[in-house]
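Chemist: Below you'll find the structure I mean.
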Amino acid sequence: MARKEGNIRKRNPIESRNKILRSAMVHFGRAGLDGARVVDIIKDAGLSHRMLYHYFDSKETLYLATLEYAYQSIRTSEMQLKLTHLEPVDAIERFVSFTFDYYIENPSFMGLLNQENLNGGEFVKQIPHIEELQRPLLLMIEDIFRRGRDTGAFQHTPNAMHFYFDIVGMCYFAIAHRYTLATVFDPVIAEESFLAERKKHIIDFTLGTLVAV
């Protein structure tokens with residue numbers, strides 16, 4: 001008997017692979033390569049072991065693919081901001097705001113990178129053309145700086161890579177360490193209201209360094 005057309009479920013191979021990678025990011029970010037369990041990754045992805053090993057032949061291969069997926073995801077999201085169409089000051093404000101919000105909304109991204117740093121960057125070095133993956137980001141920042149200088153909006157523009165590190169550092173630190181900082185400094189730091197205050201401070205501070213003579 002022929003199957004009814006309505007009962008046939010077509011699996012999207014790209015979405016299935018991405019489900020695995022999104023689940024893997026959470027578990028690798030929490031427990032690292034050694035601590036994360038494939039069975040938990042598959043369970044949360046809602047797929048089978050057979051499906052996982054269709055895409056990845058080992059746990060290490062999955063971990064490497066998860067790292068690449070993490071970098072590609074944030075770089076793609078940054079490019080979708082279309083900052084080259086905004087005025088320089090607005091572009092920087094939008095970029096800082098996005099970076100801050102991305103870290104809040106994607107804690108597994110920060111966790112995964114923390115775990116890889118504990119590995120000494122052993123696996124990220126194996127991602128093909130990883131340096132080229134970052135190039136559009138730096139070119140985008142350089143374009144904003146150039147337009148800012150041309151219009152007189154910016155009086156000082158630093159090296160694009162250092163500038164990005166500055167933004168990442170300011171955004172990351174207060175988010176990643178907010179609960180210990182709340183204990184050491186002020187309980188309000190653990191509250192949601194502090195995040196908005198912190199983001200505004202970073203935006204103001206960043207723009208202040210660019211417009212200062």
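Each chain of the structure tokens is named A, B, ... in the order shown, its residues numbered from 1; ligands are numbered from 1 in display order.
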For segment 51-153 of chain A against segment 11-28 of chain A, with a cut-off of 10 Å and counting only C-alpha atoms, what is the closest atom pair and its distance in Å to one decimal for every residue that makes the cut, ordered by chain and number, as a Markdown table?
Modeler:
```
| residue | atom | partner | partner_atom | distance |
| --- | --- | --- | --- | --- |
| A:Met51 | CA | A:Ser16 | CA | 8.2 |
| A:Leu52 | CA | A:Ile20 | CA | 7.2 |
| A:His54 | CA | A:Arg17 | CA | 9.4 |
| A:Tyr55 | CA | A:Arg17 | CA | 7.0 |
| A:Phe56 | CA | A:Arg17 | CA | 9.3 |
| A:Lys59 | CA | A:Ala24 | CA | 9.9 |
| A:Leu62 | CA | A:Leu21 | CA | 7.6 |
| A:Tyr63 | CA | A:Phe28 | CA | 7.4 |
| A:Ala65 | CA | A:Leu21 | CA | 7.4 |
| A:Thr66 | CA | A:Leu21 | CA | 5.4 |
| A:Leu67 | CA | A:Met25 | CA | 7.8 |
| A:Glu68 | CA | A:Leu21 | CA | 9.7 |
| A:Tyr69 | CA | A:Leu21 | CA | 7.1 |
| A:Ala70 | CA | A:Met25 | CA | 7.6 |
| A:Asn106 | CA | A:Val26 | CA | 9.2 |
| A:Pro107 | CA | A:Val26 | CA | 8.3 |
| A:Ser108 | CA | A:Val26 | CA | 4.9 |
| A:Phe109 | CA | A:Met25 | CA | 6.8 |
| A:Met110 | CA | A:Met25 | CA | 9.7 |
| A:Gly111 | CA | A:Phe28 | CA | 7.8 |
| A:Leu112 | CA | A:Phe28 | CA | 6.0 |
| A:Leu113 | CA | A:Phe28 | CA | 9.5 |
| A:Gln115 | CA | A:Phe28 | CA | 7.6 |
| A:Glu116 | CA | A:Phe28 | CA | 9.3 |
```
Chemist: Now that the selection is made, can you save its residues with C-alpha atoms as an mmCIF file, in the first residue's frame?
Modeler:
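Dumped everything to out08.cif:
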```
data_model
loop_
_atom_site.group_PDB
_atom_site.id
_atom_site.type_symbol
_atom_site.label_atom_id
_atom_site.label_comp_id
_atom_site.auth_asym_id
_atom_site.auth_seq_id
_atom_site.Cartn_x
_atom_site.Cartn_y
_atom_site.Cartn_z
ATOM 1 C CA MET A 51 21.451 10.777 12.961
ATOM 2 C CA LEU A 52 24.354 12.256 14.946
ATOM 3 C CA HIS A 54 25.511 10.524 10.055
ATOM 4 C CA TYR A 55 26.956 14.037 10.388
ATOM 5 C CA PHE A 56 29.826 13.582 12.844
ATOM 6 C CA LYS A 59 32.750 13.421 19.726
ATOM 7 C CA LEU A 62 31.265 17.302 16.826
ATOM 8 C CA TYR A 63 33.113 19.584 19.230
ATOM 9 C CA ALA A 65 32.033 21.641 14.306
ATOM 10 C CA THR A 66 30.312 23.254 17.291
ATOM 11 C CA LEU A 67 33.135 25.754 17.685
ATOM 12 C CA GLU A 68 32.955 26.653 14.009
ATOM 13 C CA TYR A 69 29.165 26.967 14.215
ATOM 14 C CA ALA A 70 29.476 29.300 17.208
ATOM 15 C CA ASN A 106 23.659 33.199 24.276
ATOM 16 C CA PRO A 107 25.403 32.172 27.507
ATOM 17 C CA SER A 108 26.395 28.871 25.913
ATOM 18 C CA PHE A 109 28.485 30.826 23.389
ATOM 19 C CA MET A 110 30.532 32.373 26.188
ATOM 20 C CA GLY A 111 30.736 29.043 27.992
ATOM 21 C CA LEU A 112 31.989 27.255 24.904
ATOM 22 C CA LEU A 113 34.737 29.800 24.284
ATOM 23 C CA GLN A 115 36.077 25.861 27.673
ATOM 24 C CA GLU A 116 38.160 26.131 24.511
#
```
Chemist: If you run DSSP on this backbone, which residues of segment 12-172 of chain A come out as alpha helix (DSSP H), and could you give them as a PyMOL selection string?
Modeler: chain A and resi 13-35+38-45+49-55+59-79+88-105+107-118+130-151+160-172
Chemist: May I have the selected residues written with C-alpha atoms, as a compact mmCIF listing (two decimals), in the first residue's frame?
Modeler:
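Below is the file that was written, result-v4.txt:
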```txt
# COMPACT_ATOMS: atom_id res chain seq x y z
CA PRO A 13 19.27 17.78 6.86
CA ILE A 14 20.59 21.31 7.50
CA GLU A 15 18.14 21.94 10.33
CA SER A 16 18.85 18.50 11.85
CA ARG A 17 22.57 19.23 11.85
CA ASN A 18 21.99 22.67 13.37
CA LYS A 19 19.78 21.19 16.09
CA ILE A 20 22.66 18.94 17.08
CA LEU A 21 25.12 21.85 17.05
CA ARG A 22 22.87 24.11 19.13
CA SER A 23 22.43 21.37 21.71
CA ALA A 24 26.15 20.61 21.64
CA MET A 25 26.99 24.24 22.28
CA VAL A 26 24.98 24.15 25.51
CA HIS A 27 26.53 20.92 26.77
CA PHE A 28 30.11 21.61 25.67
CA GLY A 29 29.82 25.14 27.06
CA ARG A 30 28.72 23.75 30.41
CA ALA A 31 30.98 20.71 30.77
CA GLY A 32 33.68 20.95 28.11
CA LEU A 33 34.73 18.29 25.63
CA ASP A 34 35.52 15.69 28.26
CA GLY A 35 32.54 16.34 30.52
CA VAL A 38 26.80 12.66 23.56
CA VAL A 39 23.65 10.95 24.87
CA ASP A 40 22.55 14.21 26.50
CA ILE A 41 23.30 16.24 23.36
CA ILE A 42 21.21 13.89 21.24
CA LYS A 43 18.36 13.81 23.74
CA ASP A 44 18.07 17.60 23.87
CA ALA A 45 18.31 17.83 20.08
CA HIS A 49 22.47 8.45 17.67
CA ARG A 50 22.25 7.26 14.10
CA MET A 51 21.45 10.78 12.96
CA LEU A 52 24.35 12.26 14.95
CA TYR A 53 26.90 9.85 13.51
CA HIS A 54 25.51 10.52 10.05
CA TYR A 55 26.96 14.04 10.39
CA LYS A 59 32.75 13.42 19.73
CA GLU A 60 35.86 15.44 18.84
CA THR A 61 34.55 16.08 15.33
CA LEU A 62 31.27 17.30 16.83
CA TYR A 63 33.11 19.58 19.23
CA LEU A 64 35.16 21.11 16.42
CA ALA A 65 32.03 21.64 14.31
CA THR A 66 30.31 23.25 17.29
CA LEU A 67 33.13 25.75 17.68
CA GLU A 68 32.96 26.65 14.01
CA TYR A 69 29.16 26.97 14.22
CA ALA A 70 29.48 29.30 17.21
CA TYR A 71 31.86 31.65 15.40
CA GLN A 72 29.86 31.57 12.19
CA SER A 73 26.65 32.34 14.03
CA ILE A 74 27.88 35.49 15.74
CA ARG A 75 29.72 36.73 12.63
CA THR A 76 26.59 36.18 10.51
CA SER A 77 24.46 38.02 13.06
CA GLU A 78 26.90 40.94 13.06
CA MET A 79 26.78 41.24 9.28
CA PRO A 88 28.96 56.21 12.27
CA VAL A 89 27.81 57.10 15.80
CA ASP A 90 24.59 55.13 15.39
CA ALA A 91 26.56 52.20 13.96
CA ILE A 92 28.89 52.00 16.95
CA GLU A 93 25.99 52.29 19.38
CA ARG A 94 24.12 49.53 17.57
CA PHE A 95 27.19 47.29 17.47
CA VAL A 96 27.94 47.64 21.18
CA SER A 97 24.29 47.07 22.06
CA PHE A 98 24.16 43.97 19.87
CA THR A 99 27.35 42.51 21.39
CA PHE A 100 26.08 43.04 24.92
CA ASP A 101 22.68 41.52 24.16
CA TYR A 102 24.21 38.59 22.28
CA TYR A 103 26.23 37.54 25.31
CA ILE A 104 23.17 37.74 27.54
CA GLU A 105 21.00 35.78 25.12
CA PRO A 107 25.40 32.17 27.51
CA SER A 108 26.39 28.87 25.91
CA PHE A 109 28.48 30.83 23.39
CA MET A 110 30.53 32.37 26.19
CA GLY A 111 30.74 29.04 27.99
CA LEU A 112 31.99 27.26 24.90
CA LEU A 113 34.74 29.80 24.28
CA ASN A 114 35.74 29.63 27.95
CA GLN A 115 36.08 25.86 27.67
CA GLU A 116 38.16 26.13 24.51
CA ASN A 117 40.49 28.60 26.19
CA LEU A 118 40.97 26.05 28.97
CA ILE A 130 39.30 30.73 10.97
CA GLU A 131 41.20 33.99 10.45
CA GLU A 132 39.23 34.72 7.28
CA LEU A 133 36.00 34.21 9.19
CA GLN A 134 36.88 37.22 11.36
CA ARG A 135 37.98 39.50 8.52
CA PRO A 136 34.53 40.90 7.59
CA LEU A 137 34.08 42.03 11.19
CA LEU A 138 37.30 44.03 11.20
CA LEU A 139 36.58 45.47 7.76
CA MET A 140 33.16 46.57 8.99
CA ILE A 141 34.67 48.37 11.99
CA GLU A 142 37.30 50.00 9.80
CA ASP A 143 34.59 51.23 7.43
CA ILE A 144 32.66 52.80 10.32
CA PHE A 145 35.84 54.47 11.54
CA ARG A 146 36.68 55.82 8.08
CA ARG A 147 33.23 57.30 7.64
CA GLY A 148 33.38 58.73 11.13
CA ARG A 149 36.69 60.47 10.43
CA ASP A 150 35.47 61.75 7.04
CA THR A 151 32.38 63.34 8.57
CA ALA A 160 39.95 47.84 14.76
CA MET A 161 41.02 44.58 16.40
CA HIS A 162 41.94 46.25 19.69
CA PHE A 163 38.69 48.20 19.58
CA TYR A 164 36.71 44.98 19.22
CA PHE A 165 38.62 43.41 22.11
CA ASP A 166 37.76 46.45 24.24
CA ILE A 167 34.05 46.08 23.51
CA VAL A 168 34.09 42.33 24.11
CA GLY A 169 35.97 42.76 27.38
CA MET A 170 33.63 45.41 28.74
CA CYS A 171 30.50 43.48 27.74
CA TYR A 172 31.72 40.05 28.76
```
